[in-house]
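The structure appears below as structure tokens.
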Amino acid sequence: QDVDLARTAVLLPQGVYDARWRDFSTSIDGGVLFGNFSLGNAGSLSYEAFAGVTNLDKDEGGVSRWIVDRTNGGEVTSFDQPLMIGGQLWWQTPLDGLRLGANLAQMYDFGFHARVPVSPMGPFGPINAFTTGAGDVFFQQYSAEYMWNSWTFQAEYLTYEFEGATTTNVRSGSTPIQPTARAPLLVRPDAWYVSAAYRFNHWLEVGTYYTEHYADRENRDGGPDAAQKDLALSFRFDPTDWWILKLEGHYLRGTSLLQDAQNNPVADRTNDPWFMLALKTTFSF
């Protein structure tokens, strides 16, 4: 997703490739073991195994904004450094152009700490709610790609599950003024897409995809902010080997991927369709 030359679209399907969450799902400090081997008449298999710790910036990234949204404008004060272990397999099948993939990862003891201002005045000083969340996260992603002549077909499914709990203490200054509150925390979204692209000649490629994202994979019948569906049409122009122009239109319904953070406009929580136009140019040197 980092190489614009390798794809037709301006935006990859955001339920699967949400750039705001990359610091959480793909960025670790650690090590990787990779390789490939032949399966004879069954094709070949490439593998990758990795392990490391995730270093999250409390001021940037989708995780911080997600926590701010769900703590009524709270401030993330710190993240723990959870251990992540995972692996990826790609099977190059005997059918020329077809490959299948799977990516699994487990994050252990992910934790965050947030402060939510309640009142500037209290019996012993300003009143704040201090919330700590902790739990494990399990990621799953499954992929298929088929390249035939000038066509490229792709499909992917992604889900993860964060199961843990939150603990909240309300203090006036440094003095607790309410009993500690504990609550279970379960987050389990999922998303999928199918796409097709056709290369007409050396300077024109056209692609389309349809994708759906659900905030809770066990509840697909909620309100407008419980799901987001997106039909996209992309045009890619290659005037030269080092210059790309892209034009892309989106027809969307639902708002589950929009965030109502305090620094962003409030989303229109209706189920009416909405549209987005994206333009992009890339120079490679």
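If you're wondering about the labels, chains in the structure tokens are A, B, ... by order shown, residues count from 1 in each chain, ligands from 1 in order shown.
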For range 217-229 of chain A: contacts at 7 Å, only C-alpha atoms, fewer than 6 positions along chain excluded, given as a list in words: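 Here the qualifying residues turn out to be Arg188, Pro189, Asp190, Thr211, Leu252, Arg253, Gly254, Thr255, Ser256, Leu257, Arg269, Thr270 and Asn271 of chain A.
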Range 86-171 of chain A near range 43-46 of chain A within 10 Å: what's each residue's closest atom pair and its distance in Å to one decimal, counting only C-alpha atoms, ordered by chain then ascending residue number, as a tab-separated table?
```
residue	atom	partner	partner_atom	distance
A:Gln88	CA	A:Ser46	CA	8.3
A:Leu89	CA	A:Ser46	CA	5.8
A:Trp90	CA	A:Ser46	CA	5.2
A:Trp91	CA	A:Leu45	CA	4.6
A:Gln92	CA	A:Ser44	CA	5.2
A:Thr93	CA	A:Gly43	CA	4.8
A:Pro94	CA	A:Gly43	CA	4.8
A:Leu95	CA	A:Gly43	CA	8.3
A:Asp96	CA	A:Gly43	CA	9.3
A:Arg99	CA	A:Gly43	CA	9.5
A:Leu100	CA	A:Leu45	CA	9.7
A:Gly101	CA	A:Ser46	CA	9.4
```
Separation of CA of Leu247 in chain A and CA of Phe275 in chain A, in Å?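 According to the coordinates, CA of Leu247 in chain A and CA of Phe275 in chain A are separated by 13.8 Å.
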Go ahead and compute the interatomic distance for CA of Gly249 in chain A and CA of Arg7 in chain A, in Å to one decimal.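 CA of Gly249 in chain A sits 15.6 Å away from CA of Arg7 in chain A.
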Return as CSV the residues of range 141-252 of chain A lying at most 9 Å from range 14-20 of chain A, together with the closest atom-to-atom pair for each and the distance in Å to one decimal, counting only C-alpha atoms, with rows in chain order and ascending residue number.
```
residue,atom,partner,partner_atom,distance
A:Gln141,CA,A:Val16,CA,8.7
A:Glu156,CA,A:Val16,CA,7.8
A:Tyr157,CA,A:Val16,CA,7.3
A:Leu158,CA,A:Val16,CA,5.9
A:Thr159,CA,A:Val16,CA,8.4
A:Asp190,CA,A:Gly15,CA,7.5
A:Ala191,CA,A:Gly15,CA,5.2
A:Trp192,CA,A:Val16,CA,6.7
A:Tyr193,CA,A:Val16,CA,8.0
A:Thr211,CA,A:Gly15,CA,7.5
A:Glu212,CA,A:Gly15,CA,7.0
A:His213,CA,A:Gly15,CA,5.2
A:Tyr214,CA,A:Gly15,CA,8.2
A:Gln228,CA,A:Gly15,CA,8.3
```
Separation of CA of Pro176 in chain A and CA of Ile127 in chain A, in Å? 9.4 Å
Those in range 1-72 of chain A with strand (DSSP E or B) from DSSP, as a PyMOL selection string: chain A and resi 29-38+44-53
Do you know which residues are at most 9 Å from Asp59 in chain A counting only C-alpha atoms, after dropping those on the same chain fewer than 2 positions away, and could you put them as a list in words?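 Residues near the query, excluding close chain neighbours: Leu56, Asp57, Gly61, Ser64, Arg65, Glu75, Val76 and Thr77 of chain A.
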Go ahead and save the picked residues with C-alpha atoms, as a PDB file, in the first residue's frame.
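Contents of selection_22.pdb, as written:
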```
ATOM      1  CA  LEU A  56       2.369   3.999  19.717  1.00  0.00           C
ATOM      2  CA  ASP A  57       2.484   7.793  19.737  1.00  0.00           C
ATOM      3  CA  GLY A  61      -2.562   7.741  14.773  1.00  0.00           C
ATOM      4  CA  SER A  64      -5.477   7.802  19.820  1.00  0.00           C
ATOM      5  CA  ARG A  65      -8.347   9.369  17.886  1.00  0.00           C
ATOM      6  CA  GLU A  75      -6.706  12.965  26.321  1.00  0.00           C
ATOM      7  CA  VAL A  76      -4.523   9.896  25.826  1.00  0.00           C
ATOM      8  CA  THR A  77      -1.659  10.186  28.304  1.00  0.00           C
TER       9      THR A  77
END
```
From A:Gln81, A:Thr240, A:Asn55, A:Asn201, residue lying nearest Ser150 in chain A [only C-alpha atoms]: A:Asn201
Pick out the closest residue to Met107 in chain A from this set: A:Val194, A:Ala144, A:Ile28, A:Ala42. Count only C-alpha atoms. A:Ile28
Counting only C-alpha atoms, figure out which residue out of A:Ala155, A:Leu204, A:Val3, A:Met121 gets nearest to Ser172 in chain A.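 Between A:Ala155, A:Leu204, A:Val3, A:Met121, the residue approaching Ser172 in chain A most closely is A:Met121.
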Alpha helix (DSSP H) per DSSP on the backbone: members of range 28-207 of chain A, as JSON, numbers by chain: {"A": [61, 62, 63, 64, 65, 66, 67, 68, 69, 70]}
So that I can see what lies close to range 115-119 of chain A, please list as number ranges by chain the residues with an atom at most 10 Å from it, counting only C-alpha atoms and leaving out residues fewer than 4 positions away in the same chain. A: 68, 71-78, 125-132, 168-172
Mind writing the picked residues with C-alpha atoms as a PDB file, in the first residue's frame?
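The result, written out as selection.pdb:
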```pdb
ATOM      1  CA  VAL A  68     -10.613  10.307  22.214  1.00  0.00           C
ATOM      2  CA  THR A  71     -13.986   9.037  26.088  1.00  0.00           C
ATOM      3  CA  ASN A  72     -15.939  12.189  25.214  1.00  0.00           C
ATOM      4  CA  GLY A  73     -12.914  14.248  24.276  1.00  0.00           C
ATOM      5  CA  GLY A  74     -10.457  12.666  26.670  1.00  0.00           C
ATOM      6  CA  GLU A  75      -6.706  12.965  26.321  1.00  0.00           C
ATOM      7  CA  VAL A  76      -4.523   9.896  25.826  1.00  0.00           C
ATOM      8  CA  THR A  77      -1.659  10.186  28.304  1.00  0.00           C
ATOM      9  CA  SER A  78       0.300   7.058  27.360  1.00  0.00           C
ATOM     10  CA  GLY A 125      -9.069  20.621  42.848  1.00  0.00           C
ATOM     11  CA  PRO A 126     -10.089  19.966  39.211  1.00  0.00           C
ATOM     12  CA  ILE A 127     -12.134  16.817  38.668  1.00  0.00           C
ATOM     13  CA  ASN A 128     -10.792  14.317  36.121  1.00  0.00           C
ATOM     14  CA  ALA A 129     -11.693  10.759  35.189  1.00  0.00           C
ATOM     15  CA  PHE A 130      -8.648   8.549  34.628  1.00  0.00           C
ATOM     16  CA  THR A 131      -9.346   5.529  32.414  1.00  0.00           C
ATOM     17  CA  THR A 132      -7.081   2.564  31.754  1.00  0.00           C
ATOM     18  CA  THR A 168     -11.987   4.324  35.626  1.00  0.00           C
ATOM     19  CA  ASN A 169     -11.077   6.414  38.678  1.00  0.00           C
ATOM     20  CA  VAL A 170     -12.602   9.861  39.277  1.00  0.00           C
ATOM     21  CA  ARG A 171     -10.423  12.234  41.284  1.00  0.00           C
ATOM     22  CA  SER A 172     -10.577  15.785  42.543  1.00  0.00           C
TER      23      SER A 172
END
```
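For the choices A:Trp203, A:Phe50, A:Trp242, A:Tyr251, the atom-to-atom distance to Met84 in chain A is smallest for A:Phe50 when using only C-alpha atoms.
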